[in-house]
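Presented below is the structure to which this report refers.
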2 protein chains.
Amino acid sequence: MAEPKGNELMDKIVSLCKRRGFIFQSSEIYGGINGFWDYGPLGAELKRNVKELWWRRMTQQRDDIVGLEATIIMHPQIWKASGHVDTFNDPMLDCKTCQGRFRADQIDEIPCPLKPSNSVSQCTGAKTPVRNFNLMFKTNVGPIESADNLAYLRPETAQAIFVQFKNVLETSRQKVPFGIAQVGKAFRNEVTPRNYTFRSREFEQMELEFFIRPDEAVEAIGGIVASGSQPSTLNPQPNWGWEAWHKYWVEARIRFYENIGLPRATLEEYWQKPEELAHYAKACVDILFKFPFGTQELEGIAARSDFDLSQHQRFSGKSMGVFDEELKAAWAKLDETKKTELSQRYFEARFKYLTKMGEPADKAEKQAREDVAGLAKGNYIPHVIEPSAGVDRLILALICNAYAEDQAPDEKGKLESRVVMRFHPRIAPIKVAVFPLLKNRPELLNKAKEVRDLLRPHMTVFYDEAGAIGRRYRRQDEAGTPFGVTIDFDTLGEKPELLNTVTLRDRDSMKQDRIKIDELVPLLLEKIR
Amino acid sequence: MAEPKGNELMDKIVSLCKRRGFIFQSSEIYGGINGFWDYGPLGAELKRNVKELWWRRMTQQRDDIVGLEATIIMHPQIWKASGHVDTFNDPMLDCKTCQGRFRADQIDEIPCPLKPSNSVSQCTGAKTPVRNFNLMFKTNVGPIESADNLAYLRPETAQAIFVQFKNVLETSRQKVPFGIAQVGKAFRNEVTPRNYTFRSREFEQMELEFFIRPDEAVEAIGGIVASGSQPSTLNPQPNWGWEAWHKYWVEARIRFYENIGLPRATLEEYWQKPEELAHYAKACVDILFKFPFGTQELEGIAARSDFDLSQHQRFSGKSMGVFDEELKAAWAKLDETKKTELSQRYFEARFKYLTKMGEPADKAEKQAREDVAGLAKGNYIPHVIEPSAGVDRLILALICNAYAEDQAPDEKGKLESRVVMRFHPRIAPIKVAVFPLLKNRPELLNKAKEVRDLLRPHMTVFYDEAGAIGRRYRRQDEAGTPFGVTIDFDTLGEKPELLNTVTLRDRDSMKQDRIKIDELVPLLLEKIR
């Protein structure tokens, strides 16, 4: 039996997601709303597990990252500073015949609404010139609708982290290098949402902004900046500059994906070419997943220089700088040649940033000189490495990766095809299902409920007493439940030596082992952690 | 020393929240944005813990509730069906002199912008008539801004649950009675946000919709509906009607609050009077907390009849009914008198609802007769009990409740005043702090880091080596960290009998016990669960 691929596979996945309650179309009973998707009971658990693991890896299991939970609606000036108001656009044109509005770069692919066998570009109707359409959702805050109280739904979670950088720094006892992590909703008014949940208008992000010293500070303190070659360990070193930190995060993030069940072979790293980079970015790596509809981005890991904090300093008039005691001490001990060299490099970087942002040369020079003077006293604006992941596309990747069809024996041992979601136990929505062998035997039900209540404080348990046991297994295979516990007459002591034992079934191998009830909790905890 | 109260207490709480990174003003460096608040590192952890506990209690620890995670932007028709488009309004008027817009019911309290010593109502400027201002934030979906693609940010999470009711029912193997739970952001364009985070424009809700049989179905099946007196147990019974279920949820929710550290004495139940109830509601209880600024609502628990699902059935044209095998079987066995009596009651309820919603009497009568015929075949639209809690106001309640000032000995044993956040260990942002006694002794640091790494997989740990130990305790007291572990020379074996023991300090009693390192994890897990 050939495994399904491409569109056929996607159709099966979409159908399973609906049938088993992973994903529903938002507002379905009202005909849906394009680009919005809801997570049903299994999808909601899956998503929670993934977000929880990311959060724990990022914050609780490290000393050097703390969390933040900021609002979706923020001060509109933030999006001026970030560049979103001016440049977060899609090029659009209108067709004067059908009145439709289309993405100018997609008119060759989009079918004409009046004659779908043609593309929009083949339609002879007059078109308006291409105009830029901003992708941020707009709203108004307060009782009067006016330009004065225009606000946006955040198109990314990152900016809140930059805006609260100083508050977090001052209250969390952190020092550069350190990071701030956030998980939350973001919104982009995509003109053409597509590929199921992959490109949605409402989506969730998991973003880390990891703040580091500028290379000049690293060099002043350590004498040398670690070379840009792949860091040999995942143990951060004091002499790491942006390049080593960037590679560290690329590696750490790929390990995260492997850790939740995406094999490295399903992932690709794409290192953006210099001409593809945003002007302030020093490097950007996309981590791609091989979806059935093509290889597409899960996460971008960008070395963003000190652009973001610098922008907010300029726009808010509030300092985004930090004072670095070690740098101050180290700088004082540098010889003059080194001081000059580092000062010159720092000056050039700051001057380049300021003029790029439109500051007049004389003003930029003055400011950059002040920045250099600050550096010598231990002050700088931190640089940033940003691993930015999309939760919904990751969930879709995990679902696509988990989907499998194979053969399983039915009640009578005859092979039948089954669909099985091979989620890593760490992220599986339900960890274990508990089945009494027969429904009409109260002693089996009571014992099964005892086992359910034993497991429940530790993990998500699904109790199912209805239907043939094979059918119940099949249902849990489709839900991706890695373990099944069956309570039978031996559990009750029909064979005395098997009293208080159960069968533990493995979803993938379908192997069944006989386990003592007392050993279930530690055994399962070991497997799901 | 008198404990601070009222405004003085609130000022201290607000100051602590900022100083320690619980809560920041959103977009603070840009002057803030009225009615929006961010959670800093400690606040974000606190909030996560509370949401996680609610979710686990609701979904993972029960068989009869499943989760949902729906979008914030949904089909606009939903808010017509729910009544929010037509009736979710504040009465507003404009002053023609100052051009300000004010809530009509607050003009006696709001100061005049031009002459703040007067209230708006005392200003002699001409006022417009009172008009209704809708509290939903508006936006547009798609590239064209028009009435056709107007959408709203959800003002509550509940409606998504109703809209996806059938999808969830059909995919989750649940039967009425069962519930659907959701946690997520909601938005209300409040004219006058106030009381710190209590009334915000962006906030988070934890809502459960618990679907039950109509009383007529309960009676048909069980012969009798349990009396409305307080259910004597928290074990649901098959003969519970809406009144018993409603009381069950009031009690369950109060126990939840007690369980996370709000003593029953800080809470009040307010049973809405018949004239205060929405027309479709049969009962509504507000659970109030005694905030320093007054006793205010944390959660409302409403018995909403079958209003919500009925509305979506009418507006979407899709059936929101369920088929209940047990009811069908039971109905067939009823005597004619009973059938007539139950049919009559069900007819009256359906007819009342339909005419109240503006259906003409003849159409309403026809529909209600069909509904009665459906009931006899086991079909009905479920009724709903809705426990709806505000996360942000709960966090504020927990912070207010935790705040305490007392006396603690300093390094030399002299009493000094301290601020201590007495969070229940279950919700405390950081569970345990690990302190090496001295920073300049590598053997202490190494041992302390070993202990940190031992605890970290199981709980949130804060490692702190900087400053006098008393000062470090004080910092954790303010953060609300319930336990402190200190590694000293005895840990390293200075007194051989104390080798590999540490002191475990209790935040509240400040008592210190000597504990074996091996026993730390189970001991602490016991206390934080």
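Residue numbers start at 1 in each chain; chains themselves are named A, B, ... in the order of the structure tokens; ligands are numbered from 1 in the order shown.
Shell of Thr171 (chain A) at 7 Å, with only C-alpha atoms counted and residues fewer than 6 places along the chain excluded, is Arg19, Arg20 and Gly21 of chain B.
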Shell of 12 Å around Lys412 (chain A), only C-alpha atoms, local chain residues under 6 positions omitted, as a PyMOL selection string: chain A and resi 468-470
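Picture a line from CA of Arg57 (chain A) to CA of Thr71 (chain B); it runs 26.3 Å.
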Among the residues of region 396-445 of chain A, find those DSSP assigns to strand (DSSP E or B) from the backbone and print them as a ChimeraX atom specification. /A:403-409,415-421,432-436
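Coordinates place CA of Asn189 (chain B) at a distance of 25.5 Å from CA of Ala126 (chain B).
Between CA of Tyr152 (chain A) and CA of Asp94 (chain A) there is a distance of 24.3 Å.
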So which residues touch Lys12 (chain B) within 10 Å, counting only C-alpha atoms, skipping near sequence neighbours fewer than 4 positions away, as an MDAnalysis selection string? chainID B and resid 4:5 7:8 16:17 400 403 419
Keeping N, CA, C and O atoms for every residue in the selection just given, could you write it to a file as a CSV table (one decimal), in the first residue's frame?
```csv
chain,number,residue,atom,x,y,z
B,4,PRO,N,-1.7,48.3,56.0
B,4,PRO,CA,-2.3,49.4,55.1
B,4,PRO,C,-3.7,48.9,54.5
B,4,PRO,O,-3.9,47.7,54.4
B,5,LYS,N,-4.5,49.8,54.2
B,5,LYS,CA,-5.9,49.4,53.7
B,5,LYS,C,-6.2,50.4,52.6
B,5,LYS,O,-5.6,51.4,52.3
B,7,ASN,N,-7.0,52.8,49.6
B,7,ASN,CA,-6.1,53.4,48.6
B,7,ASN,C,-4.6,53.2,48.9
B,7,ASN,O,-3.8,53.1,48.1
B,8,GLU,N,-4.3,53.4,50.2
B,8,GLU,CA,-2.9,53.3,50.6
B,8,GLU,C,-2.4,51.9,50.3
B,8,GLU,O,-1.3,51.7,49.7
B,16,LEU,N,4.6,47.7,44.2
B,16,LEU,CA,5.3,46.5,44.2
B,16,LEU,C,5.2,45.7,42.9
B,16,LEU,O,6.2,45.1,42.4
B,17,CYS,N,4.0,45.8,42.3
B,17,CYS,CA,3.9,45.1,41.0
B,17,CYS,C,4.8,45.6,39.9
B,17,CYS,O,5.3,44.8,39.1
B,400,CYS,N,-3.6,41.0,45.7
B,400,CYS,CA,-4.1,41.8,46.9
B,400,CYS,C,-4.1,40.9,48.1
B,400,CYS,O,-3.8,41.4,49.2
B,403,TYR,N,-0.5,40.2,49.5
B,403,TYR,CA,0.3,41.2,50.0
B,403,TYR,C,0.2,41.3,51.5
B,403,TYR,O,-0.9,41.4,52.1
B,419,VAL,N,8.1,43.2,53.3
B,419,VAL,CA,6.9,43.0,52.5
B,419,VAL,C,7.0,41.5,52.0
B,419,VAL,O,8.0,41.1,51.6
```
Just want the 12 Å neighbourhood of Cys284 (chain B), counted on only C-alpha atoms, with same-chain residues fewer than 6 positions away dropped. Output as a VMD selection string. chain B and resid 242 to 243 246 to 247 249 to 250 269 to 278 299 to 305 384 to 388
Save out the residues we just selected, N, CA and C atoms, as a PDB file, in the first residue's frame.
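Once everything was written out, this is part.pdb:
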```pdb
ATOM      1  N   TRP B 242     -31.460  22.009  36.202  1.00  0.00           N
ATOM      2  CA  TRP B 242     -30.576  23.180  36.112  1.00  0.00           C
ATOM      3  C   TRP B 242     -30.233  23.755  37.479  1.00  0.00           C
ATOM      4  N   GLU B 243     -31.175  23.653  38.406  1.00  0.00           N
ATOM      5  CA  GLU B 243     -30.952  24.311  39.692  1.00  0.00           C
ATOM      6  C   GLU B 243     -29.846  23.610  40.488  1.00  0.00           C
ATOM      7  N   HIS B 246     -26.543  24.235  38.739  1.00  0.00           N
ATOM      8  CA  HIS B 246     -26.085  25.599  38.980  1.00  0.00           C
ATOM      9  C   HIS B 246     -25.423  25.709  40.348  1.00  0.00           C
ATOM     10  N   LYS B 247     -26.068  25.133  41.354  1.00  0.00           N
ATOM     11  CA  LYS B 247     -25.488  25.183  42.702  1.00  0.00           C
ATOM     12  C   LYS B 247     -24.186  24.390  42.772  1.00  0.00           C
ATOM     13  N   TRP B 249     -22.013  24.092  40.444  1.00  0.00           N
ATOM     14  CA  TRP B 249     -20.914  24.879  39.889  1.00  0.00           C
ATOM     15  C   TRP B 249     -20.535  26.064  40.767  1.00  0.00           C
ATOM     16  N   VAL B 250     -21.508  26.648  41.440  1.00  0.00           N
ATOM     17  CA  VAL B 250     -21.164  27.722  42.381  1.00  0.00           C
ATOM     18  C   VAL B 250     -20.213  27.171  43.443  1.00  0.00           C
ATOM     19  N   GLU B 269     -20.818  35.677  47.908  1.00  0.00           N
ATOM     20  CA  GLU B 269     -21.718  35.243  46.839  1.00  0.00           C
ATOM     21  C   GLU B 269     -22.812  36.277  46.698  1.00  0.00           C
ATOM     22  N   TYR B 270     -23.060  36.703  45.490  1.00  0.00           N
ATOM     23  CA  TYR B 270     -24.203  37.591  45.286  1.00  0.00           C
ATOM     24  C   TYR B 270     -25.190  36.930  44.332  1.00  0.00           C
ATOM     25  N   TRP B 271     -26.355  36.613  44.853  1.00  0.00           N
ATOM     26  CA  TRP B 271     -27.406  35.978  44.019  1.00  0.00           C
ATOM     27  C   TRP B 271     -28.242  37.092  43.403  1.00  0.00           C
ATOM     28  N   GLN B 272     -28.158  37.194  42.094  1.00  0.00           N
ATOM     29  CA  GLN B 272     -28.904  38.264  41.428  1.00  0.00           C
ATOM     30  C   GLN B 272     -30.401  38.106  41.703  1.00  0.00           C
ATOM     31  N   LYS B 273     -31.037  39.272  41.880  1.00  0.00           N
ATOM     32  CA  LYS B 273     -32.486  39.273  42.123  1.00  0.00           C
ATOM     33  C   LYS B 273     -33.219  39.044  40.805  1.00  0.00           C
ATOM     34  N   PRO B 274     -34.418  38.508  40.874  1.00  0.00           N
ATOM     35  CA  PRO B 274     -35.151  38.209  39.630  1.00  0.00           C
ATOM     36  C   PRO B 274     -35.176  39.398  38.675  1.00  0.00           C
ATOM     37  N   GLU B 275     -35.329  40.613  39.206  1.00  0.00           N
ATOM     38  CA  GLU B 275     -35.439  41.771  38.316  1.00  0.00           C
ATOM     39  C   GLU B 275     -34.086  42.168  37.709  1.00  0.00           C
ATOM     40  N   GLU B 276     -33.002  41.621  38.247  1.00  0.00           N
ATOM     41  CA  GLU B 276     -31.676  41.934  37.685  1.00  0.00           C
ATOM     42  C   GLU B 276     -31.278  40.959  36.592  1.00  0.00           C
ATOM     43  N   LEU B 277     -31.948  39.826  36.519  1.00  0.00           N
ATOM     44  CA  LEU B 277     -31.537  38.770  35.591  1.00  0.00           C
ATOM     45  C   LEU B 277     -31.841  39.143  34.141  1.00  0.00           C
ATOM     46  N   ALA B 278     -30.967  38.717  33.234  1.00  0.00           N
ATOM     47  CA  ALA B 278     -31.296  38.787  31.817  1.00  0.00           C
ATOM     48  C   ALA B 278     -32.542  37.928  31.584  1.00  0.00           C
ATOM     49  N   GLU B 299     -16.225  36.392  39.120  1.00  0.00           N
ATOM     50  CA  GLU B 299     -16.802  35.377  38.241  1.00  0.00           C
ATOM     51  C   GLU B 299     -18.309  35.444  38.344  1.00  0.00           C
ATOM     52  N   GLY B 300     -18.969  35.188  37.234  1.00  0.00           N
ATOM     53  CA  GLY B 300     -20.418  35.045  37.249  1.00  0.00           C
ATOM     54  C   GLY B 300     -20.769  33.619  36.852  1.00  0.00           C
ATOM     55  N   ILE B 301     -21.725  33.050  37.551  1.00  0.00           N
ATOM     56  CA  ILE B 301     -22.144  31.679  37.226  1.00  0.00           C
ATOM     57  C   ILE B 301     -23.630  31.741  36.907  1.00  0.00           C
ATOM     58  N   ALA B 302     -23.936  31.621  35.622  1.00  0.00           N
ATOM     59  CA  ALA B 302     -25.301  31.859  35.163  1.00  0.00           C
ATOM     60  C   ALA B 302     -25.929  30.576  34.658  1.00  0.00           C
ATOM     61  N   ALA B 303     -27.207  30.433  34.968  1.00  0.00           N
ATOM     62  CA  ALA B 303     -28.020  29.369  34.346  1.00  0.00           C
ATOM     63  C   ALA B 303     -28.730  30.050  33.183  1.00  0.00           C
ATOM     64  N   ARG B 304     -28.280  29.758  31.960  1.00  0.00           N
ATOM     65  CA  ARG B 304     -28.677  30.563  30.804  1.00  0.00           C
ATOM     66  C   ARG B 304     -29.763  29.907  29.967  1.00  0.00           C
ATOM     67  N   SER B 305     -30.408  28.883  30.498  1.00  0.00           N
ATOM     68  CA  SER B 305     -31.434  28.140  29.740  1.00  0.00           C
ATOM     69  C   SER B 305     -30.851  27.646  28.416  1.00  0.00           C
ATOM     70  N   VAL B 384     -27.737  25.414  29.506  1.00  0.00           N
ATOM     71  CA  VAL B 384     -26.344  25.740  29.792  1.00  0.00           C
ATOM     72  C   VAL B 384     -26.181  26.341  31.181  1.00  0.00           C
ATOM     73  N   ILE B 385     -25.165  25.851  31.890  1.00  0.00           N
ATOM     74  CA  ILE B 385     -24.683  26.556  33.086  1.00  0.00           C
ATOM     75  C   ILE B 385     -23.311  27.121  32.715  1.00  0.00           C
ATOM     76  N   GLU B 386     -23.114  28.400  32.965  1.00  0.00           N
ATOM     77  CA  GLU B 386     -21.890  29.070  32.514  1.00  0.00           C
ATOM     78  C   GLU B 386     -21.113  29.695  33.659  1.00  0.00           C
ATOM     79  N   PRO B 387     -20.068  29.036  34.143  1.00  0.00           N
ATOM     80  CA  PRO B 387     -19.143  29.699  35.062  1.00  0.00           C
ATOM     81  C   PRO B 387     -18.112  30.479  34.237  1.00  0.00           C
ATOM     82  N   SER B 388     -18.139  31.797  34.375  1.00  0.00           N
ATOM     83  CA  SER B 388     -17.313  32.669  33.536  1.00  0.00           C
ATOM     84  C   SER B 388     -16.427  33.540  34.419  1.00  0.00           C
TER      85      SER B 388
END
```
Using backbone DSSP assignments, extract all alpha helix (DSSP H) residues from region 57-227 of chain B; output them as a PyMOL selection string. chain B and resi 77-81+84-87+158-163+165-172+215-222
Can you list, as a PyMOL selection string, every protein, DNA or RNA residue that comes within 10 Å of region 310-312 of chain A when you count only C-alpha atoms, leaving out same-chain residues fewer than 3 positions away? (chain A and resi 77-83+159+162-163+305-307+315-321+350+353-354+357+381-383) or (chain B and resi 29-30)
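For Asp38 (chain A), the non-local neighbours within 6 Å, defined as residues at least 3 positions apart in the same chain or in other chains and counting only C-alpha atoms, are Ile23, Phe24, Gln25 and Ser26 of chain A; Glu69, Ala70 and Thr71 of chain B.
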Would you mind exporting C-alpha atoms of the selected residues as a PDB file, in the first residue's frame?
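Just written: part_3.pdb:
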```pdb
ATOM      1  CA  ILE A  23      -8.983  21.637  13.876  1.00  0.00           C
ATOM      2  CA  PHE A  24     -12.294  23.198  12.852  1.00  0.00           C
ATOM      3  CA  GLN A  25     -12.987  26.094  10.561  1.00  0.00           C
ATOM      4  CA  SER A  26     -13.745  29.142  12.703  1.00  0.00           C
TER       5      SER A  26
ATOM      6  CA  GLU B  69      -9.221  27.118  21.492  1.00  0.00           C
ATOM      7  CA  ALA B  70     -11.056  29.372  19.080  1.00  0.00           C
ATOM      8  CA  THR B  71     -10.138  32.573  17.281  1.00  0.00           C
TER       9      THR B  71
END
```
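Distances here use only C-alpha atoms; by that measure, the residue among B:Glu28, B:Glu156, B:Asp63, B:Glu325 closest to Asn379 (chain B) is B:Glu325.
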List as a PyMOL selection string the protein and nucleic acid residues near region 111-120 of chain A, meaning an atom at most 8 Å away when only C-alpha atoms are counted, but skip any in the same chain fewer than 4 places from it. chain A and resi 98+100+107
For chain B, the closest of A:Lys96, A:His458, A:Arg441, A:Arg253 counting only C-alpha atoms is A:His458
Could you tell me which of A:His84, A:Arg103, A:Arg173, A:Arg418 comes closest to Gln476 (chain B) if we count only C-alpha atoms? A:Arg173
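When only C-alpha atoms are used to measure the gap to chain A, the shortest distance among B:Thr481, B:Asn89, B:Ser227, B:Gln407 belongs to B:Asn89.
When only C-alpha atoms are used to compute distances to Glu204 (chain A), the closest of the residues A:Val14, A:Ile144, A:Ala389, A:Leu415 turns out to be A:Ala389.
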Which is closest to chain A among B:Val372, B:Leu492, B:Ala408, B:Ile430, if we use only C-alpha atoms? B:Ile430
